[in-house]
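Participant: Handing over query34.pdb, PDB, C-alpha atoms.
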ATOM      1  CA  MET A   1      41.097  18.825  23.371
ATOM      2  CA  ASN A   2      42.664  20.992  26.079
ATOM      3  CA  GLU A   3      43.962  23.434  23.436
ATOM      4  CA  ARG A   4      40.454  24.080  22.195
ATOM      5  CA  LEU A   5      38.931  24.431  25.648
ATOM      6  CA  GLY A   6      41.711  26.620  27.076
ATOM      7  CA  ALA A   7      40.142  29.829  25.789
ATOM      8  CA  PHE A   8      37.043  29.216  27.932
ATOM      9  CA  TYR A   9      38.587  28.567  31.353
ATOM     10  CA  LEU A  10      38.506  32.234  32.404
ATOM     11  CA  ASP A  11      34.823  32.476  31.431
ATOM     12  CA  ILE A  12      34.081  29.303  33.388
ATOM     13  CA  GLY A  13      35.758  30.805  36.448
ATOM     14  CA  GLU A  14      33.439  33.820  36.131
ATOM     15  CA  TYR A  15      30.373  31.564  35.581
ATOM     16  CA  ASN A  16      29.895  32.841  32.024
ATOM     17  CA  ALA A  17      30.351  29.431  30.384
ATOM     18  CA  ASN A  18      29.955  25.725  31.078
ATOM     19  CA  ILE A  19      31.902  22.757  29.686
ATOM     20  CA  LEU A  20      30.303  19.343  29.416
ATOM     21  CA  HIS A  21      32.465  16.427  28.285
ATOM     22  CA  ASN A  22      31.128  13.248  26.721
ATOM     23  CA  PRO A  23      31.252  11.135  28.839
ATOM     24  CA  PRO A  24      30.819  13.702  31.641
ATOM     25  CA  LYS A  25      33.715  14.258  34.004
ATOM     26  CA  GLU A  26      33.298  14.294  37.757
ATOM     27  CA  GLY A  27      32.139  17.646  39.112
ATOM     28  CA  GLU A  28      30.779  18.987  35.803
ATOM     29  CA  HIS A  29      27.426  20.728  35.689
ATOM     30  CA  HIS A  30      25.007  18.843  33.445
ATOM     31  CA  TYR A  31      23.365  21.904  31.890
ATOM     32  CA  LEU A  32      21.528  21.356  28.610
ATOM     33  CA  PRO A  33      23.360  23.063  25.709
ATOM     34  CA  TYR A  34      20.640  25.295  24.276
ATOM     35  CA  ILE A  35      20.416  28.285  21.948
ATOM     36  CA  GLY A  36      17.537  30.652  21.357
ATOM     37  CA  ASN A  37      16.591  34.247  20.729
ATOM     38  CA  GLY A  38      13.046  34.602  22.066
ATOM     39  CA  VAL A  39      11.461  33.652  18.740
ATOM     40  CA  PHE A  40      12.826  30.111  18.478
ATOM     41  CA  GLY A  41      15.078  27.845  20.480
ATOM     42  CA  ILE A  42      16.725  24.467  20.085
ATOM     43  CA  PRO A  43      18.606  22.128  22.400
ATOM     44  CA  ILE A  44      21.954  21.093  20.923
ATOM     45  CA  SER A  45      21.550  17.335  20.666
ATOM     46  CA  SER A  46      21.493  14.830  17.837
ATOM     47  CA  GLU A  47      17.720  14.521  17.450
ATOM     48  CA  ALA A  48      16.620  17.950  18.684
ATOM     49  CA  LEU A  49      13.440  19.601  17.495
ATOM     50  CA  ILE A  50      13.192  23.353  17.098
ATOM     51  CA  TYR A  51      10.753  25.166  19.411
ATOM     52  CA  ILE A  52       8.948  28.371  18.468
ATOM     53  CA  LYS A  53       7.236  31.028  20.533
ATOM     54  CA  ARG A  54       3.719  30.297  21.716
ATOM     55  CA  GLY A  55       2.338  32.836  24.123
ATOM     56  CA  ARG A  56       5.192  33.895  26.367
ATOM     57  CA  ALA A  57       7.358  30.788  26.049
ATOM     58  CA  LEU A  58       9.200  28.756  23.423
ATOM     59  CA  SER A  59       6.856  25.839  23.959
ATOM     60  CA  LEU A  60       5.581  24.860  20.502
ATOM     61  CA  PRO A  61       7.713  22.066  18.991
ATOM     62  CA  VAL A  62       8.067  22.106  15.219
ATOM     63  CA  GLN A  63       8.538  18.634  13.762
ATOM     64  CA  TRP A  64      11.815  19.575  12.099
ATOM     65  CA  GLN A  65      15.372  18.691  13.050
ATOM     66  CA  PRO A  66      17.677  21.317  11.519
ATOM     67  CA  LEU A  67      21.066  20.285  12.952
ATOM     68  CA  ILE A  68      23.736  18.485  10.948
ATOM     69  CA  SER A  69      25.858  15.948  12.795
ATOM     70  CA  HIS A  70      28.891  13.762  12.236
ATOM     71  CA  GLN A  71      28.733   9.986  12.312
ATOM     72  CA  LYS A  72      31.030   9.272  15.204
ATOM     73  CA  SER A  73      33.498   6.436  15.309
ATOM     74  CA  ASN A  74      34.134   4.456  18.478
ATOM     75  CA  PHE A  75      37.328   6.372  19.197
ATOM     76  CA  TYR A  76      36.637  10.050  19.779
ATOM     77  CA  ARG A  77      36.541  12.673  22.511
ATOM     78  CA  GLU A  78      33.889  15.351  22.716
ATOM     79  CA  ALA A  79      33.252  18.485  24.742
ATOM     80  CA  THR A  80      30.445  21.022  24.497
ATOM     81  CA  VAL A  81      30.862  24.588  25.727
ATOM     82  CA  THR A  82      27.799  26.720  26.386
ATOM     83  CA  HIS A  83      28.802  30.379  26.544
ATOM     84  CA  PHE A  84      26.021  32.185  28.367
ATOM     85  CA  ARG A  85      27.077  35.774  27.611
ATOM     86  CA  ASN A  86      27.401  35.546  23.833
ATOM     87  CA  GLY A  87      24.718  32.869  23.347
ATOM     88  CA  ILE A  88      26.946  30.511  21.357
ATOM     89  CA  VAL A  89      27.307  26.776  21.905
ATOM     90  CA  TYR A  90      30.628  25.284  20.792
ATOM     91  CA  ARG A  91      31.094  21.546  20.266
ATOM     92  CA  TYR A  92      34.526  20.016  19.751
ATOM     93  CA  GLN A  93      35.088  16.464  18.546
ATOM     94  CA  CYS A  94      38.602  14.998  18.328
ATOM     95  CA  PHE A  95      39.052  11.703  16.501
ATOM     96  CA  ARG A  96      41.649   8.987  16.733
ATOM     97  CA  GLU A  97      42.295   9.333  13.006
ATOM     98  CA  GLY A  98      43.876  12.725  13.761
ATOM     99  CA  TYR A  99      41.292  15.228  12.568
ATOM    100  CA  TYR A 100      38.919  17.289  14.667
ATOM    101  CA  ILE A 101      35.624  19.065  14.078
ATOM    102  CA  GLU A 102      34.429  22.343  15.585
ATOM    103  CA  PHE A 103      30.731  23.175  15.589
ATOM    104  CA  GLN A 104      29.299  26.581  16.508
ATOM    105  CA  TYR A 105      25.583  27.082  17.012
ATOM    106  CA  TYR A 106      23.739  30.317  17.613
ATOM    107  CA  ALA A 107      20.407  32.001  17.051
ATOM    108  CA  HIS A 108      20.839  35.417  15.478
ATOM    109  CA  ARG A 109      19.539  38.094  17.818
ATOM    110  CA  ILE A 110      18.861  40.880  15.303
ATOM    111  CA  PHE A 111      17.635  38.802  12.364
ATOM    112  CA  ASP A 112      15.491  36.595  14.554
ATOM    113  CA  ALA A 113      14.627  33.970  11.915
ATOM    114  CA  ILE A 114      18.241  32.868  11.397
ATOM    115  CA  LEU A 115      19.781  29.789  12.983
ATOM    116  CA  VAL A 116      23.510  29.401  12.310
ATOM    117  CA  GLN A 117      25.472  26.163  12.480
ATOM    118  CA  ASP A 118      29.104  26.671  11.511
ATOM    119  CA  ILE A 119      31.172  23.513  10.949
ATOM    120  CA  LYS A 120      34.971  23.555  10.659
ATOM    121  CA  ILE A 121      36.895  20.362   9.940
ATOM    122  CA  THR A 122      40.643  20.453  10.554
ATOM    123  CA  ASN A 123      43.050  17.749   9.435
ATOM    124  CA  PRO A 124      46.573  18.639  10.619
ATOM    125  CA  PHE A 125      48.102  15.599   8.929
ATOM    126  CA  SER A 126      48.790  14.954   5.261
ATOM    127  CA  LEU A 127      46.642  11.806   5.240
ATOM    128  CA  PRO A 128      43.319  12.300   3.438
ATOM    129  CA  GLN A 129      40.176  11.649   5.474
ATOM    130  CA  ASN A 130      36.570  11.008   4.486
ATOM    131  CA  VAL A 131      34.366  12.909   6.911
ATOM    132  CA  LEU A 132      30.680  12.133   6.596
ATOM    133  CA  LEU A 133      28.201  14.749   7.763
ATOM    134  CA  LYS A 134      24.563  13.800   7.972
ATOM    135  CA  PRO A 135      21.503  16.010   8.076
ATOM    136  CA  GLN A 136      18.605  14.871  10.212
ATOM    137  CA  MET A 137      15.957  13.419   7.943
ATOM    138  CA  SER A 138      12.535  14.804   8.727
ATOM    139  CA  THR A 139       9.939  12.064   8.940
ATOM    140  CA  HIS A 140       7.180  14.594   9.573
ATOM    141  CA  TRP A 141       7.595  16.788   6.470
ATOM    142  CA  SER A 142       7.124  15.123   3.098
ATOM    143  CA  ASN A 143       8.053  18.137   0.951
ATOM    144  CA  TYR A 144      11.349  19.208   2.535
ATOM    145  CA  ARG A 145      14.562  19.556   0.540
ATOM    146  CA  ILE A 146      18.248  19.865   1.263
ATOM    147  CA  GLU A 147      20.676  22.075  -0.622
ATOM    148  CA  ALA A 148      24.418  21.594  -0.374
ATOM    149  CA  ILE A 149      26.476  24.791  -0.142
ATOM    150  CA  LYS A 150      30.213  24.707  -0.798
ATOM    151  CA  TYR A 151      32.834  27.428  -0.462
ATOM    152  CA  LEU A 152      35.314  27.349  -3.321
ATOM    153  CA  PHE A 153      38.067  29.980  -3.154
ATOM    154  CA  ASN A 154      35.844  32.530  -1.368
ATOM    155  CA  PHE A 155      32.925  31.931  -3.737
ATOM    156  CA  ILE A 156      29.694  30.278  -2.646
ATOM    157  CA  TYR A 157      28.423  27.409  -4.756
ATOM    158  CA  ILE A 158      24.909  26.080  -4.187
ATOM    159  CA  SER A 159      24.333  22.708  -5.804
ATOM    160  CA  ASP A 160      21.068  21.389  -7.150
ATOM    161  CA  SER A 161      18.665  20.434  -4.447
ATOM    162  CA  MET A 162      18.422  16.827  -3.371
ATOM    163  CA  GLU A 163      14.933  15.515  -2.786
TER
END
So, in terms of structure tokens, how does the structure I just supplied come out?

Facilitator:
Amino acid sequence: MNERLGAFYLDIGEYNANILHNPPKEGEHHYLPYIGNGVFGIPISSEALIYIKRGRALSLPVQWQPLISHQKSNFYREATVTHFRNGIVYRYQCFREGYYIEFQYYAHRIFDAILVQDIKITNPFSLPQNVLLKPQMSTHWSNYRIEAIKYLFNFIYISDSME
């Protein structure tokens, strides 16, 4: 975990970033990891709703949970880095099985309708792992659909939608 967080220590010293471990360590600031661009915003948590602009604030909750998460085992370590200057939230999860997952979340500032969640799974060992990712199921929208996108040798493959 320290290898992944090492790149942020200078920014933390300059108050440009915050690290929050799970469970929190003593002396950490318990700031809510949050991304937004003035048009929409979302707290980075497992059951977070997206908020859109109403008046002058992002105060209108939309009953939709766009974030994909990993079903955690009992043996893992997690840290979330909120980088205030570039507007990106990084989440690192290291598992006892040897693999780790990096999440990056950000709201695009130029194309203001785009929310990006980048997931990288790294397995440094030769043992195969099954890593289950789960989208949040919307109980408030009956006509939603999920499309799986896979990268195969620098080509994008979009599978049939699951409904």

Participant: For a quick check of your reading of the model, name the residues lying within 8 Å of the coordinate (14.2, 23.1, 17.0), counting only C-alpha atoms, and write them as a list in words.

Facilitator: Phe40, Gly41, Ile42, Pro43, Ala48, Leu49, Ile50, Tyr51, Ile52, Pro61, Val62, Gln63, Trp64, Gln65 and Pro66 of chain A

Participant: For the selection just defined, write its residues with C-alpha atoms to a file, as a short mmCIF file (atom, residue, chain, number, x, y, z; two decimals), keeping the file's coordinate frame.

Facilitator:
data_model
loop_
_atom_site.label_atom_id
_atom_site.label_comp_id
_atom_site.auth_asym_id
_atom_site.auth_seq_id
_atom_site.Cartn_x
_atom_site.Cartn_y
_atom_site.Cartn_z
CA PHE A 40 12.83 30.11 18.48
CA GLY A 41 15.08 27.84 20.48
CA ILE A 42 16.73 24.47 20.08
CA PRO A 43 18.61 22.13 22.40
CA ALA A 48 16.62 17.95 18.68
CA LEU A 49 13.44 19.60 17.50
CA ILE A 50 13.19 23.35 17.10
CA TYR A 51 10.75 25.17 19.41
CA ILE A 52 8.95 28.37 18.47
CA PRO A 61 7.71 22.07 18.99
CA VAL A 62 8.07 22.11 15.22
CA GLN A 63 8.54 18.63 13.76
CA TRP A 64 11.82 19.58 12.10
CA GLN A 65 15.37 18.69 13.05
CA PRO A 66 17.68 21.32 11.52
#

Participant: Can you turn the PyMOL selection byres ((chain A and resi 125-133) around 9) into a concrete residue list for this file, as a PyMOL selection string?

Facilitator: chain A and resi 68-71+97-99+121+123-124+134-135

Participant: Output C-alpha atoms for every residue in the selection just made, as an mmCIF file, in the frame of the given file.

Facilitator:
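To be explicit, this is the file written out as out.cif:
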data_model
loop_
_atom_site.group_PDB
_atom_site.id
_atom_site.type_symbol
_atom_site.label_atom_id
_atom_site.label_comp_id
_atom_site.auth_asym_id
_atom_site.auth_seq_id
_atom_site.Cartn_x
_atom_site.Cartn_y
_atom_site.Cartn_z
ATOM 1 C CA ILE A 68 23.736 18.485 10.948
ATOM 2 C CA SER A 69 25.858 15.948 12.795
ATOM 3 C CA HIS A 70 28.891 13.762 12.236
ATOM 4 C CA GLN A 71 28.733 9.986 12.312
ATOM 5 C CA GLU A 97 42.295 9.333 13.006
ATOM 6 C CA GLY A 98 43.876 12.725 13.761
ATOM 7 C CA TYR A 99 41.292 15.228 12.568
ATOM 8 C CA ILE A 121 36.895 20.362 9.940
ATOM 9 C CA ASN A 123 43.050 17.749 9.435
ATOM 10 C CA PRO A 124 46.573 18.639 10.619
ATOM 11 C CA LYS A 134 24.563 13.800 7.972
ATOM 12 C CA PRO A 135 21.503 16.010 8.076
#

Participant: Which of these, A:Ile35, A:His21, A:Phe111, A:Asn143, has the shortest distance to Val89 (chain A) once you count all atoms listed in the file?

Facilitator: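 For Val89 (chain A), the nearest of the candidates is A:Ile35.
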
Participant: Kindly give the distance, in Å, that separates CA of Arg109 (chain A) and CA of Glu78 (chain A), rounded to a single decimal.

Facilitator: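 According to the coordinates, CA of Arg109 (chain A) and CA of Glu78 (chain A) are separated by 27.3 Å.
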
Participant: Given the file shown, determine the residues that the PyMOL selection byres ((chain A and resi 3-18) around 8) selects; report them as a list in words.

Facilitator: Met1, Asn2, Ile19, Leu20, His29, Tyr31, Val81, Thr82, His83, Phe84, Arg85 and Tyr92 of chain A

Participant: From the list A:Arg54, A:Ala113, A:Pro23, A:Tyr106, which residue is nearest Tyr76 (chain A) when using all atoms listed in the file?

Facilitator: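 Selected residue with least distance to Tyr76 (chain A): A:Pro23.
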
Participant: Rounded to one decimal place, report the CA of Leu115 (chain A)-CA of Gly87 (chain A) distance in Å.

Facilitator: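 Computing the Euclidean distance for CA of Leu115 (chain A) and CA of Gly87 (chain A) yields 11.9 Å.
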
Participant: Taking the file as I've supplied it (selection: the PyMOL selection byres ((chain A and resi 38) around 8)), which residues are included? Please answer as a ChimeraX atom specification.

Facilitator: /A:36-37,39-41,53,57-58

Participant: For CA of Tyr90 (chain A) and CA of Lys25 (chain A), quote the distance in Å rounded to one decimal.

Facilitator: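 Pair CA of Tyr90 (chain A) / CA of Lys25 (chain A) returns 17.5 Å.
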